[in-house]
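Working notes for the structure below.
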Amino acid sequence: MNAPEPDELPGLDLHRLRAYLDVEMPGMVTGELTGELVQGGRSNLTYIVGDGVRQWVVRRPPLGHVLATAHDMSREHRMLTALADTAVPVPRAELLCQNEEVLGAPFYVMEYVPGAVYRSPEQSEALTEQQRHALSYQLMDVLADLHSLDPASVGLAEFGRPEGFLERQVRRWTKQLKASHSREVEGIDALSQQLAASVPSGGPVGIVHGDYRLDNVIVGDDQQIKAVLDWEMATIGDPLTDLGLLAVYWEGFSGLANNPIAKGVGPEYGFPSAKQLFARYAERSPLDLSDLDWYLAFGYFKIAVILEGIHFRFIQNQTVGEGFEHVGGLVAPLVAQGLATLKEA
């Protein structure tokens, strides 16, 4: 990595970071820090930093307009710590900094895990059909392993409030939508209202990742998943919300022009269908999948709200990355698919 100019790393002051690490973890850094912003993230900012010998990853909230509870660094750090000795692969958490004077916001440092993150058609094309299917099913196996964990056994008994989880989720994302309101989106209020009026009873509670998809895992050269990333929305609740969200990323963006969010996955790129993924999950999990249409519709709503928030920050010049100018145009089509899914159900 080359040493960046100060304005090349918005949100990360390498000199302040080095000074903080020297105090909190003496000897951790042995040379001048360099860094780079990892492209692809649409929410929290992720940087790879190194001293010429070792590398680490720094995560912090986006610049400006931080919605309450949406970018909780301590939440991610706690999840990584809790899952460190389980079957779910995660990077090792190094330290958490709650002092906003260091980088202007809370942040944490974690282990750098080498490997590939599949988020483009070009990367997908490099895989054989057999590799695409094997990786897809492994993705479901890891998710089922996560959902099978007893939260209390890994110190997460008080991490969330599972009672009334689905009702609160609909209310929460409706509130997030209002906090990022900058325009009218056809059908999005109707989708929120219909979801609230048809909440399923739900089943056993478990650890919910909250944003589980292929481009949130690191895959090693041996085509094995080495780490699950981006735990900012993790909680304790209904695990099937992860399945609904994954299906939207997998197939819901198919055919949408100028899509920077979910590319290179799904049947159109030679991967199994969402139904095949559900079948694989069902082989490993005892959970009842009969109400998946509601969870799928909720997935459409949640992603639509997230993208509307990104659009809000983009038009306020408060975020960085490529492709943000197209995000706003994806919201209405996702809402329409969510409404259609509920109607079919």
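Each chain in the structure tokens gets a letter, A, B and so on, in the order shown; residues start at 1 in every chain, and ligands are counted from 1 in the order they appear.
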Could you make a table, as CSV, of the residues of stretch 245-334 of chain A that have an atom within 9 Å of an atom of stretch 207-230 of chain A, each with its nearest atom pair and distance in Å to one decimal, counting only C-alpha atoms, in chain and number order?
residue,atom,partner,partner_atom,distance
A:Leu245,CA,A:Asp211,CA,7.0
A:Leu246,CA,A:Arg213,CA,5.4
A:Ala247,CA,A:Arg213,CA,8.7
A:Tyr249,CA,A:Arg213,CA,7.0
A:Trp250,CA,A:Arg213,CA,7.9
A:Ala262,CA,A:Asp215,CA,8.3
A:Val265,CA,A:Leu214,CA,7.8
For A:Ala304, work out the shell of residues within 9 Å, counting only C-alpha atoms and skipping chain neighbours fewer than 5 positions away, then give it as a CSV table (one decimal) with N, CA and C atoms, in the first residue's frame.
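This went into part-v5.csv:
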chain,number,residue,atom,x,y,z
A,177,LEU,N,-36.8,5.1,7.8
A,177,LEU,CA,-37.2,5.7,6.5
A,177,LEU,C,-37.6,7.2,6.8
A,188,ILE,N,-44.1,2.8,-0.7
A,188,ILE,CA,-43.3,2.4,0.4
A,188,ILE,C,-44.0,2.4,1.7
A,299,GLY,N,-37.7,-8.3,3.6
A,299,GLY,CA,-36.3,-8.0,3.1
A,299,GLY,C,-36.3,-6.9,2.0
A,309,GLY,N,-31.6,5.6,2.6
A,309,GLY,CA,-30.7,6.3,3.5
A,309,GLY,C,-29.4,6.6,2.8
A,330,LEU,N,-33.1,2.6,-7.4
A,330,LEU,CA,-33.4,1.2,-7.1
A,330,LEU,C,-34.5,1.0,-6.1
A,331,VAL,N,-34.8,2.1,-5.4
A,331,VAL,CA,-35.7,2.0,-4.2
A,331,VAL,C,-37.1,1.6,-4.7
A,332,ALA,N,-37.7,2.4,-5.6
A,332,ALA,CA,-39.1,2.1,-6.0
A,332,ALA,C,-39.3,0.7,-6.6
A,333,PRO,N,-38.4,0.2,-7.5
A,333,PRO,CA,-38.6,-1.2,-8.0
A,333,PRO,C,-38.6,-2.2,-6.9
A,334,LEU,N,-37.7,-2.0,-5.9
A,334,LEU,CA,-37.7,-3.0,-4.8
A,334,LEU,C,-39.0,-2.9,-4.0
A,335,VAL,N,-39.5,-1.8,-3.8
A,335,VAL,CA,-40.8,-1.6,-3.1
A,335,VAL,C,-41.9,-2.3,-3.8
Taking into account only C-alpha atoms, which residue in the set A:Leu149, A:Leu45, A:Leu191, A:Leu33 is nearest to A:Ile236?
A:Leu149
Run DSSP on the backbone of this structure and report the residues of stretch 105-332 of chain A it assigns to alpha helix (DSSP H), as a ChimeraX atom specification.
/A:121-125,129-148,165-179,188-197,240-247,274-284,292-315,331-332
Residues from the last selection, C-alpha atoms, saved as a CSV table (one decimal), in the first residue's frame:
chain,number,residue,atom,x,y,z
A,121,PRO,CA,-19.8,-10.5,-12.5
A,122,GLU,CA,-16.2,-10.6,-13.5
A,123,GLN,CA,-15.3,-12.4,-10.3
A,124,SER,CA,-18.2,-14.8,-10.6
A,125,GLU,CA,-17.2,-15.7,-14.1
A,129,GLU,CA,-20.4,-23.8,-12.2
A,130,GLN,CA,-19.5,-26.5,-9.7
A,131,GLN,CA,-17.6,-23.9,-7.6
A,132,ARG,CA,-20.6,-21.5,-7.7
A,133,HIS,CA,-23.0,-24.1,-6.5
A,134,ALA,CA,-20.6,-25.4,-3.8
A,135,LEU,CA,-19.9,-21.9,-2.5
A,136,SER,CA,-23.6,-21.1,-2.5
A,137,TYR,CA,-24.5,-24.1,-0.4
A,138,GLN,CA,-21.6,-23.4,1.9
A,139,LEU,CA,-23.0,-19.9,2.4
A,140,MET,CA,-26.2,-21.5,3.6
A,141,ASP,CA,-24.4,-24.0,5.8
A,142,VAL,CA,-22.6,-21.2,7.6
A,143,LEU,CA,-25.9,-19.3,8.1
A,144,ALA,CA,-27.6,-22.4,9.5
A,145,ASP,CA,-24.7,-22.9,11.9
A,146,LEU,CA,-25.1,-19.3,13.0
A,147,HIS,CA,-28.8,-19.7,13.6
A,148,SER,CA,-28.3,-23.0,15.5
A,165,PHE,CA,-39.0,-8.8,17.4
A,166,LEU,CA,-40.8,-8.7,14.0
A,167,GLU,CA,-43.2,-6.0,15.0
A,168,ARG,CA,-40.3,-3.9,16.3
A,169,GLN,CA,-38.3,-4.5,13.1
A,170,VAL,CA,-41.1,-3.2,10.9
A,171,ARG,CA,-41.5,-0.1,13.2
A,172,ARG,CA,-37.7,0.4,13.3
A,173,TRP,CA,-37.2,0.4,9.6
A,174,THR,CA,-40.3,2.6,9.2
A,175,LYS,CA,-38.7,5.1,11.6
A,176,GLN,CA,-35.4,4.9,9.7
A,177,LEU,CA,-37.2,5.7,6.5
A,178,LYS,CA,-38.7,8.8,8.1
A,179,ALA,CA,-35.3,9.9,9.4
A,188,ILE,CA,-43.3,2.4,0.4
A,189,ASP,CA,-45.7,3.5,3.1
A,190,ALA,CA,-48.2,0.8,1.9
A,191,LEU,CA,-45.6,-1.8,2.1
A,192,SER,CA,-44.7,-0.8,5.7
A,193,GLN,CA,-48.4,-0.8,6.7
A,194,GLN,CA,-49.1,-4.2,5.1
A,195,LEU,CA,-46.1,-5.8,6.7
A,196,ALA,CA,-47.2,-4.5,10.1
A,197,ALA,CA,-50.7,-5.9,9.6
A,240,LEU,CA,-35.6,-16.2,9.1
A,241,THR,CA,-35.2,-12.5,8.5
A,242,ASP,CA,-31.7,-13.4,7.3
A,243,LEU,CA,-33.1,-15.8,4.7
A,244,GLY,CA,-35.6,-13.2,3.3
A,245,LEU,CA,-32.9,-10.6,3.0
A,246,LEU,CA,-30.5,-13.0,1.3
A,247,ALA,CA,-33.1,-13.9,-1.2
A,274,ALA,CA,-33.1,-18.9,-4.0
A,275,LYS,CA,-35.5,-21.9,-3.7
A,276,GLN,CA,-32.5,-24.2,-3.9
A,277,LEU,CA,-30.7,-22.2,-1.2
A,278,PHE,CA,-33.8,-22.5,1.0
A,279,ALA,CA,-33.8,-26.3,0.4
A,280,ARG,CA,-30.1,-26.5,1.4
A,281,TYR,CA,-30.8,-24.5,4.5
A,282,ALA,CA,-33.8,-26.7,5.4
A,283,GLU,CA,-31.5,-29.8,5.3
A,284,ARG,CA,-29.4,-28.3,8.1
A,292,LEU,CA,-41.0,-17.2,3.9
A,293,ASP,CA,-43.0,-14.9,1.6
A,294,TRP,CA,-43.5,-12.4,4.5
A,295,TYR,CA,-39.8,-12.5,5.3
A,296,LEU,CA,-39.0,-12.0,1.7
A,297,ALA,CA,-41.3,-8.9,1.5
A,298,PHE,CA,-39.8,-7.6,4.6
A,299,GLY,CA,-36.3,-8.0,3.1
A,300,TYR,CA,-37.4,-5.9,0.1
A,301,PHE,CA,-38.6,-3.2,2.5
A,302,LYS,CA,-35.5,-3.2,4.7
A,303,ILE,CA,-33.2,-3.0,1.7
A,304,ALA,CA,-35.3,-0.2,0.2
A,305,VAL,CA,-35.0,1.8,3.4
A,306,ILE,CA,-31.3,1.2,3.6
A,307,LEU,CA,-30.8,2.4,0.0
A,308,GLU,CA,-33.0,5.4,0.6
A,309,GLY,CA,-30.7,6.3,3.5
A,310,ILE,CA,-27.6,5.9,1.3
A,311,HIS,CA,-29.4,8.1,-1.3
A,312,PHE,CA,-30.1,10.7,1.3
A,313,ARG,CA,-26.4,10.8,2.4
A,314,PHE,CA,-25.3,10.9,-1.2
A,315,ILE,CA,-27.3,14.0,-2.1
A,331,VAL,CA,-35.7,2.0,-4.2
A,332,ALA,CA,-39.1,2.1,-6.0
